[in-house]
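Dumped structure-v3.cif below, it's mmCIF, C-alpha atoms and all ligand atoms:
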data_data
loop_
_atom_site.label_atom_id
_atom_site.label_comp_id
_atom_site.auth_asym_id
_atom_site.auth_seq_id
_atom_site.Cartn_x
_atom_site.Cartn_y
_atom_site.Cartn_z
CA MET A 1 96.79 88.75 95.33
CA ALA A 2 95.52 92.12 96.52
CA ARG A 3 92.06 93.06 95.34
CA ARG A 4 91.99 96.17 93.17
CA THR A 5 89.73 99.08 93.89
CA LYS A 6 87.10 99.53 91.25
CA ILE A 7 86.47 103.22 90.64
CA TYR A 8 83.78 103.02 88.02
CA GLU A 9 82.10 100.56 85.70
CA GLY A 10 80.73 101.90 82.44
CA LYS A 11 79.09 100.24 79.46
CA ALA A 12 82.30 99.12 77.74
CA LYS A 13 85.05 99.60 80.33
CA VAL A 14 85.89 99.21 83.99
CA LEU A 15 88.24 101.64 85.74
CA TYR A 16 90.46 100.53 88.63
CA GLU A 17 92.82 102.48 90.87
CA GLY A 18 96.27 102.34 89.23
CA PRO A 19 99.51 101.22 90.89
CA GLU A 20 100.80 104.80 91.33
CA PRO A 21 98.87 107.82 92.59
CA GLY A 22 97.37 109.70 89.66
CA THR A 23 97.02 106.58 87.51
CA ILE A 24 94.08 104.44 86.50
CA VAL A 25 93.80 101.01 84.91
CA GLN A 26 91.26 100.90 82.07
CA TYR A 27 89.85 97.43 81.47
CA PHE A 28 88.11 96.90 78.10
CA LYS A 29 85.07 94.63 78.34
CA ASP A 30 83.50 92.65 75.51
CA ASP A 31 80.12 94.24 76.22
CA ALA A 32 78.49 96.17 73.41
CA THR A 33 75.58 98.52 73.95
CA ALA A 34 73.64 100.81 71.66
CA PHE A 35 70.65 103.14 71.78
CA ASN A 36 71.47 104.20 75.32
CA ALA A 37 71.93 100.57 76.44
CA GLU A 38 68.52 99.41 75.12
CA LYS A 39 70.42 96.95 72.89
CA LYS A 40 73.09 94.85 74.61
CA ASP A 41 75.32 91.93 73.78
CA VAL A 42 78.69 90.43 74.60
CA ILE A 43 80.96 90.32 71.56
CA ASP A 44 83.89 87.95 71.94
CA GLY A 45 87.20 89.74 71.40
CA LYS A 46 85.87 93.31 71.13
CA GLY A 47 87.64 94.46 74.30
CA VAL A 48 91.00 93.10 73.16
CA LEU A 49 90.70 94.84 69.78
CA ASN A 50 89.61 98.17 71.27
CA ASN A 51 92.45 98.07 73.80
CA ARG A 52 94.98 97.58 70.96
CA LEU A 53 93.38 100.10 68.61
CA SER A 54 93.00 102.79 71.24
CA GLU A 55 96.65 102.30 72.23
CA PHE A 56 97.65 102.67 68.57
CA PHE A 57 95.65 105.89 68.04
CA MET A 58 96.69 107.48 71.35
CA ASN A 59 100.37 106.70 70.69
CA GLY A 60 100.06 108.24 67.23
CA LEU A 61 98.45 111.38 68.62
CA GLN A 62 101.15 111.67 71.25
CA ALA A 63 103.82 111.27 68.55
CA ILE A 64 102.51 114.36 66.74
CA GLY A 65 102.29 116.38 69.95
CA ILE A 66 98.64 115.94 70.91
CA PRO A 67 98.51 115.16 74.64
CA THR A 68 96.51 112.13 75.73
CA HIS A 69 95.91 110.32 79.02
CA PHE A 70 97.51 107.12 77.70
CA ILE A 71 100.62 105.82 79.51
CA LYS A 72 101.03 102.21 78.37
CA ARG A 73 99.19 99.03 77.57
CA LEU A 74 99.47 96.51 80.38
CA ASN A 75 98.03 93.37 78.82
CA MET A 76 95.40 92.14 76.35
CA ARG A 77 92.55 93.99 77.98
CA GLU A 78 94.08 96.67 80.17
CA GLN A 79 95.92 99.91 79.78
CA LEU A 80 97.43 102.33 82.26
CA VAL A 81 96.25 105.92 81.89
CA ARG A 82 96.66 109.21 83.73
CA LYS A 83 93.87 110.04 86.10
CA CYS A 84 92.08 113.14 84.88
CA GLU A 85 88.95 115.10 85.50
CA ILE A 86 86.63 114.33 82.61
CA ILE A 87 84.85 117.35 81.13
CA PRO A 88 81.21 116.19 80.97
CA LEU A 89 80.95 116.58 77.20
CA GLU A 90 81.07 114.23 74.26
CA VAL A 91 82.88 116.09 71.52
CA ILE A 92 81.71 114.87 68.12
CA VAL A 93 83.45 115.68 64.85
CA ARG A 94 81.63 114.99 61.59
CA ASN A 95 83.16 114.87 58.13
CA TYR A 96 80.21 113.13 56.46
CA ALA A 97 76.58 112.94 57.57
CA ALA A 98 75.47 109.79 59.42
CA GLY A 99 73.49 108.77 62.48
CA SER A 100 71.88 111.47 64.55
CA ILE A 101 72.74 114.46 62.32
CA SER A 102 71.15 112.74 59.33
CA LYS A 103 67.96 112.20 61.32
CA ARG A 104 67.97 115.60 62.98
CA LEU A 105 68.62 117.67 59.86
CA GLY A 106 67.34 115.30 57.17
CA ILE A 107 70.73 114.97 55.46
CA GLU A 108 71.32 111.78 53.52
CA GLU A 109 73.94 109.51 55.12
CA GLY A 110 77.28 109.83 53.35
CA THR A 111 76.86 113.49 52.34
CA GLN A 112 80.16 115.31 52.82
CA MET A 113 79.98 118.20 55.25
CA PRO A 114 81.05 121.62 53.89
CA ARG A 115 83.72 121.53 56.61
CA PRO A 116 84.24 119.39 59.72
CA ILE A 117 81.34 120.06 62.05
CA ILE A 118 81.84 119.93 65.81
CA GLU A 119 78.97 119.12 68.14
CA TYR A 120 78.83 118.85 71.92
CA CYS A 121 76.62 116.50 73.90
CA TYR A 122 76.19 116.65 77.66
CA LYS A 123 77.42 113.36 79.14
CA ASP A 124 74.43 112.04 81.05
CA ASP A 125 73.07 108.60 80.24
CA SER A 126 69.83 109.21 82.10
CA LEU A 127 69.14 112.09 79.69
CA GLY A 128 70.46 110.21 76.64
CA ASP A 129 73.50 112.53 76.20
CA PRO A 130 71.57 115.53 74.80
CA LEU A 131 73.07 117.90 72.24
CA VAL A 132 74.04 121.20 73.89
CA THR A 133 75.38 124.52 72.64
CA GLU A 134 78.41 126.50 73.81
CA GLU A 135 75.91 128.76 75.53
CA HIS A 136 74.82 125.90 77.83
CA ILE A 137 78.43 124.87 78.38
CA ALA A 138 79.46 128.39 79.45
CA ALA A 139 76.32 129.13 81.49
CA PHE A 140 76.47 125.87 83.45
CA GLY A 141 80.24 126.10 83.88
CA TRP A 142 81.06 122.73 82.30
CA ALA A 143 84.07 124.28 80.54
CA SER A 144 85.61 127.75 80.35
CA GLN A 145 85.95 129.87 77.22
CA GLN A 146 89.66 128.97 77.12
CA ASP A 147 88.82 125.25 77.49
CA MET A 148 86.39 125.54 74.59
CA GLU A 149 89.02 127.12 72.35
CA ASP A 150 91.49 124.37 73.29
CA ILE A 151 88.87 121.63 72.83
CA LEU A 152 88.01 122.90 69.34
CA SER A 153 91.64 122.96 68.29
CA LEU A 154 92.31 119.50 69.80
CA ALA A 155 89.24 118.03 68.09
CA LEU A 156 90.27 119.39 64.69
CA ARG A 157 93.83 118.12 65.10
CA VAL A 158 92.60 114.67 66.10
CA ASN A 159 90.31 114.75 63.07
CA ASP A 160 93.14 115.57 60.67
CA PHE A 161 95.36 112.87 62.17
CA MET A 162 92.68 110.18 62.22
CA SER A 163 91.30 111.07 58.76
CA GLY A 164 94.77 110.86 57.20
CA LEU A 165 95.62 107.63 58.98
CA MET A 166 92.37 106.01 57.84
CA LEU A 167 92.62 107.35 54.29
CA GLY A 168 96.01 105.63 54.04
CA VAL A 169 94.33 102.24 54.60
CA GLY A 170 91.31 102.85 52.41
CA ILE A 171 88.89 103.85 55.16
CA ARG A 172 86.75 106.98 55.38
CA LEU A 173 86.51 108.59 58.81
CA VAL A 174 82.85 109.61 58.72
CA ASP A 175 82.63 110.90 62.30
CA PHE A 176 83.94 110.22 65.78
CA LYS A 177 83.51 111.11 69.43
CA ILE A 178 86.23 112.05 71.88
CA GLU A 179 86.27 112.91 75.55
CA ILE A 180 88.57 115.46 77.07
CA GLY A 181 90.19 115.36 80.51
CA ARG A 182 91.88 117.96 82.66
CA VAL A 183 95.19 117.13 84.29
CA TYR A 184 96.80 119.40 86.83
CA GLU A 185 100.52 120.10 86.79
CA GLY A 186 101.37 122.37 89.71
CA ASP A 187 99.33 125.54 89.27
CA TYR A 188 98.50 124.74 85.67
CA GLN A 189 95.81 122.63 84.08
CA ARG A 190 96.21 120.99 80.72
CA LEU A 191 93.64 119.31 78.50
CA VAL A 192 94.29 115.81 77.22
CA ILE A 193 92.43 113.34 75.02
CA ALA A 194 90.95 110.78 77.43
CA ASP A 195 88.65 107.72 77.42
CA GLU A 196 89.22 105.71 74.22
CA ILE A 197 89.40 106.09 70.47
CA SER A 198 88.20 102.92 68.78
CA PRO A 199 85.65 101.65 66.24
CA ASP A 200 83.14 101.89 69.12
CA SER A 201 83.44 105.68 69.00
CA CYS A 202 84.08 106.32 65.28
CA ARG A 203 82.20 105.68 62.05
CA LEU A 204 84.55 104.01 59.58
CA TRP A 205 83.49 103.12 56.04
CA ASP A 206 85.53 101.24 53.48
CA ILE A 207 86.21 103.81 50.75
CA GLU A 208 85.71 101.38 47.85
CA THR A 209 82.75 99.32 49.00
CA GLY A 210 81.15 101.49 51.66
CA ARG A 211 81.28 98.51 54.07
CA LYS A 212 80.81 99.67 57.65
CA LEU A 213 83.73 98.78 59.93
CA ASP A 214 82.45 100.28 63.19
CA LYS A 215 79.80 99.91 65.88
CA ASP A 216 76.99 100.46 63.37
CA VAL A 217 77.59 96.79 62.44
CA PHE A 218 76.19 96.00 65.91
CA ARG A 219 73.66 98.85 66.07
CA ARG A 220 72.15 97.91 62.70
CA ASP A 221 72.75 94.11 62.71
CA LEU A 222 75.07 94.19 59.69
CA GLY A 223 77.18 91.14 60.53
CA ASN A 224 80.04 90.17 62.78
CA LEU A 225 81.44 93.08 64.81
CA THR A 226 84.75 91.40 65.66
CA ASP A 227 85.38 90.74 61.96
CA ALA A 228 84.84 94.43 61.19
CA TYR A 229 87.12 95.66 64.01
CA SER A 230 89.76 93.03 63.09
CA GLU A 231 89.72 94.34 59.54
CA VAL A 232 90.51 97.86 60.79
CA ALA A 233 93.29 96.52 63.02
CA ARG A 234 94.69 94.36 60.23
CA ARG A 235 94.83 97.23 57.74
CA LEU A 236 96.55 99.46 60.28
CA GLY A 237 99.08 96.73 61.04
CA VAL A 238 97.94 96.63 64.67
CA LEU A 239 97.03 92.95 64.76
CA PRO A 240 100.07 90.73 64.85
CA LYS A 241 99.91 88.12 62.09
CA THR A 242 99.75 85.36 64.70
CA ALA A 243 96.59 86.84 66.18
CA GLN A 244 94.73 86.26 62.94
CA MET A 245 93.70 82.74 63.73
CA PRO A 246 91.93 80.86 60.97
CA LYS A 247 88.27 80.19 61.75
CA PRO A 248 87.64 76.63 62.99
CA THR A 249 86.03 74.31 60.47
CA ILE A 250 82.91 72.58 61.63
CA VAL A 251 83.25 68.83 61.23
CA GLU A 252 79.91 67.19 60.61
N1 LIG B 301 79.28 108.28 69.70
C1 LIG B 301 79.87 107.62 70.77
N2 LIG B 301 79.22 107.58 71.97
C2 LIG B 301 78.00 108.14 72.16
C3 LIG B 301 77.39 108.80 71.07
C4 LIG B 301 78.05 108.84 69.86
O1 LIG B 301 80.99 107.11 70.65
O2 LIG B 301 77.47 108.07 73.29
C5 LIG B 301 79.97 108.32 68.41
C6 LIG B 301 79.29 107.44 67.37
O3 LIG B 301 79.87 106.14 67.37
C7 LIG B 301 79.58 108.17 66.09
C8 LIG B 301 79.64 109.65 66.51
O4 LIG B 301 79.89 109.64 67.90
O5 LIG B 301 80.85 107.80 65.58
C9 LIG B 301 78.37 110.41 66.20
O6 LIG B 301 77.28 109.72 66.75
P1 LIG B 301 75.78 110.19 66.50
O7 LIG B 301 75.56 111.51 67.13
O8 LIG B 301 75.47 110.10 65.05
O9 LIG B 301 74.92 109.21 67.36
P2 LIG B 301 74.28 107.80 67.05
O10 LIG B 301 73.74 107.82 65.68
O11 LIG B 301 75.43 106.86 67.24
O12 LIG B 301 73.27 107.70 68.12
#
What does this structure look like when you write it as structure tokens?
Amino acid sequence: MARRTKIYEGKAKVLYEGPEPGTIVQYFKDDATAFNAEKKDVIDGKGVLNNRLSEFFMNGLQAIGIPTHFIKRLNMREQLVRKCEIIPLEVIVRNYAAGSISKRLGIEEGTQMPRPIIEYCYKDDSLGDPLVTEEHIAAFGWASQQDMEDILSLALRVNDFMSGLMLGVGIRLVDFKIEIGRVYEGDYQRLVIADEISPDSCRLWDIETGRKLDKDVFRRDLGNLTDAYSEVARRLGVLPKTAQMPKPTIVE
């Protein structure tokens, strides 16, 4: 079997050269990291769940006309995506306060925002992905004015889609992060949703109980992460019934 060319290994995924030019294989690892990789663990089954969930969200976005890099899922842990140039920004959309905005501005977690708030962080692990303004983005040439208008509109559309989808299964979309890629088609460039959308990159709270169903379970030691992600997948109908194996009973 020919050895694949690894392009990049990140905290939760590995990227390989795809079978066709302009494609990439995204492999979802079970590794979980938080606080800029200060906290690390391997969580059995996380990669499989994120692969399935990201496929589900990206397909849904595509179905309502929001372009994404997703082509198809290849197997349990891998998906084929379009190669794109990643804009070095984490685009965060917040519907309710949580995490860093609560700390930064002293807003109690769970407070509804007056309207969805968009924030940009510069993607650089060595700097801890600092918050930046549109002024920095324009001055340092990370994205053009037109890109920024398109990014804002994409982020708000993704927010409406994801919020509605989650509301339908009793989950509140508190906030999420997306990454945007540029693809070139002849003389034109187009922006697409890239990377992944999964409970690793969203905050998801059960509407009735407030139970956290996202990576905060790992960040804050709130229980079993796979159980939380499986619950999201189960409610969305993403997990086939057969994949919900009963837990083994310990025989004394
Ligand atoms: N987020 C992410 N990757 C990052 C930083 C944040 O996916 O490198 C997501 C995070 O899971 C949450 C949202 O973006 O859904 C907002 O995160 P926040 O700024 O509150 O940072 P945190 O509290 O996670 O450090």
_Report as a PyMOL selection string all protein, DNA and RNA residues lying within 8 Å of Thr23 of chain A, evaluated on all atoms listed in the file, omitting residues in the same chain fewer than 5 positions from it._
chain A and resi 17-18+80-83
Per residue of chain A within 6 Å of ligand LIG 301 (chain B), which atom pair is closest and at what distance in Å (one decimal), using all atoms listed in the file, listed by chain and increasing number, as CSV?
residue,atom,partner,partner_atom,distance
A:Ile92,CA,B:LIG301,O4,5.5
A:Ala98,CA,B:LIG301,O8,5.6
A:Gly99,CA,B:LIG301,O10,3.3
A:Ser100,CA,B:LIG301,O8,3.9
A:Ile101,CA,B:LIG301,O8,5.8
A:Asp175,CA,B:LIG301,O5,4.9
A:Phe176,CA,B:LIG301,O5,3.9
A:Lys177,CA,B:LIG301,O4,4.2
A:Asp200,CA,B:LIG301,O3,5.6
A:Ser201,CA,B:LIG301,O1,3.3
A:Cys202,CA,B:LIG301,O5,3.6
A:Arg203,CA,B:LIG301,O5,4.3
Can I get the selection written as a PDB file, keeping the file's coordinate frame, with C-alpha atoms?
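As written to disk, result24.pdb reads:
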ATOM      1  CA  ILE A  92      81.710 114.870  68.120  1.00  0.00           C
ATOM      2  CA  ALA A  98      75.470 109.790  59.420  1.00  0.00           C
ATOM      3  CA  GLY A  99      73.490 108.770  62.480  1.00  0.00           C
ATOM      4  CA  SER A 100      71.880 111.470  64.550  1.00  0.00           C
ATOM      5  CA  ILE A 101      72.740 114.460  62.320  1.00  0.00           C
ATOM      6  CA  ASP A 175      82.630 110.900  62.300  1.00  0.00           C
ATOM      7  CA  PHE A 176      83.940 110.220  65.780  1.00  0.00           C
ATOM      8  CA  LYS A 177      83.510 111.110  69.430  1.00  0.00           C
ATOM      9  CA  ASP A 200      83.140 101.890  69.120  1.00  0.00           C
ATOM     10  CA  SER A 201      83.440 105.680  69.000  1.00  0.00           C
ATOM     11  CA  CYS A 202      84.080 106.320  65.280  1.00  0.00           C
ATOM     12  CA  ARG A 203      82.200 105.680  62.050  1.00  0.00           C
TER      13      ARG A 203
END
_Pick from A:Leu154, A:Glu134, A:Leu236, A:Gly181 nearest to Glu196 of chain A, counting all atoms listed in the file_ = A:Gly181
*Quick one: residues within 8 Å of Met113 of chain A, only C-alpha atoms counted, chain neighbours fewer than 4 positions away excluded, as number ranges by chain?*
A: 94-97, 117
*Ala233 of chain A: which residues within 9 Å, counting all atoms listed in the file, same-chain residues fewer than 6 positions away excluded, as a list in words?*
Leu49, Arg52, Leu53 and Leu239 of chain A
*Record the distance separating atom CA of Gly170 of chain A and atom CA of Gly210 of chain A, expressed in Å with one decimal.*
10.3 Å
*Could you tell me which of A:Arg182, A:Leu61, A:Ser198, A:Arg190 comes closest to Phe28 of chain A if we count only C-alpha atoms?*
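For Phe28 of chain A, the nearest of the candidates is A:Ser198.
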*Taking all atoms listed in the file into account, which of A:Gly60, A:Gly223, A:Gly237, A:Pro130 comes nearest Met162 of chain A?*
A:Gly60
*asked:* Residues within 12 Å of Leu165 of chain A, please, as a count of residues only. Count all atoms listed in the file; anything in the same chain fewer than 2 positions from it doesn't count.
replied: 22
*Given all atoms listed in the file as the counted atoms, nearest of A:Ala139, A:Val251, A:Val42, A:Ile193 to Gly65 of chain A*: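 Nearest candidate to Gly65 of chain A out of A:Ala139, A:Val251, A:Val42, A:Ile193: A:Ile193.
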Some atoms are absent from segment 129-142 of chain A, so rebuild N, CA and C atoms and return them as a PDB file, keeping the file's coordinate frame.
ATOM      1  N   ASP A 129      72.427 111.668  76.731  1.00  0.00           N
ATOM      2  CA  ASP A 129      73.500 112.530  76.200  1.00  0.00           C
ATOM      3  C   ASP A 129      72.968 113.593  75.228  1.00  0.00           C
ATOM      4  N   PRO A 130      72.184 114.557  75.728  1.00  0.00           N
ATOM      5  CA  PRO A 130      71.570 115.530  74.800  1.00  0.00           C
ATOM      6  C   PRO A 130      72.582 116.489  74.176  1.00  0.00           C
ATOM      7  N   LEU A 131      72.261 116.899  72.951  1.00  0.00           N
ATOM      8  CA  LEU A 131      73.070 117.900  72.240  1.00  0.00           C
ATOM      9  C   LEU A 131      72.949 119.223  72.995  1.00  0.00           C
ATOM     10  N   VAL A 132      74.075 119.896  73.208  1.00  0.00           N
ATOM     11  CA  VAL A 132      74.040 121.200  73.890  1.00  0.00           C
ATOM     12  C   VAL A 132      74.849 122.213  73.077  1.00  0.00           C
ATOM     13  N   THR A 133      74.630 123.474  73.355  1.00  0.00           N
ATOM     14  CA  THR A 133      75.380 124.520  72.640  1.00  0.00           C
ATOM     15  C   THR A 133      76.468 125.071  73.571  1.00  0.00           C
ATOM     16  N   GLU A 134      77.347 125.885  72.995  1.00  0.00           N
ATOM     17  CA  GLU A 134      78.410 126.500  73.810  1.00  0.00           C
ATOM     18  C   GLU A 134      77.819 127.409  74.869  1.00  0.00           C
ATOM     19  N   GLU A 135      76.627 127.908  74.578  1.00  0.00           N
ATOM     20  CA  GLU A 135      75.910 128.760  75.530  1.00  0.00           C
ATOM     21  C   GLU A 135      75.604 127.976  76.822  1.00  0.00           C
ATOM     22  N   HIS A 136      75.094 126.737  76.652  1.00  0.00           N
ATOM     23  CA  HIS A 136      74.820 125.900  77.830  1.00  0.00           C
ATOM     24  C   HIS A 136      76.130 125.596  78.574  1.00  0.00           C
ATOM     25  N   ILE A 137      77.158 125.290  77.784  1.00  0.00           N
ATOM     26  CA  ILE A 137      78.430 124.870  78.380  1.00  0.00           C
ATOM     27  C   ILE A 137      79.010 126.003  79.238  1.00  0.00           C
ATOM     28  N   ALA A 138      78.935 127.229  78.713  1.00  0.00           N
ATOM     29  CA  ALA A 138      79.460 128.390  79.450  1.00  0.00           C
ATOM     30  C   ALA A 138      78.563 128.690  80.650  1.00  0.00           C
ATOM     31  N   ALA A 139      77.247 128.732  80.422  1.00  0.00           N
ATOM     32  CA  ALA A 139      76.320 129.130  81.490  1.00  0.00           C
ATOM     33  C   ALA A 139      76.357 128.148  82.663  1.00  0.00           C
ATOM     34  N   PHE A 140      76.465 126.860  82.371  1.00  0.00           N
ATOM     35  CA  PHE A 140      76.470 125.870  83.450  1.00  0.00           C
ATOM     36  C   PHE A 140      77.873 125.549  83.944  1.00  0.00           C
ATOM     37  N   GLY A 141      78.871 126.215  83.372  1.00  0.00           N
ATOM     38  CA  GLY A 141      80.240 126.100  83.880  1.00  0.00           C
ATOM     39  C   GLY A 141      80.898 124.757  83.625  1.00  0.00           C
ATOM     40  N   TRP A 142      80.454 124.040  82.574  1.00  0.00           N
ATOM     41  CA  TRP A 142      81.060 122.730  82.300  1.00  0.00           C
ATOM     42  C   TRP A 142      82.476 122.889  81.751  1.00  0.00           C
TER      43      TRP A 142
END
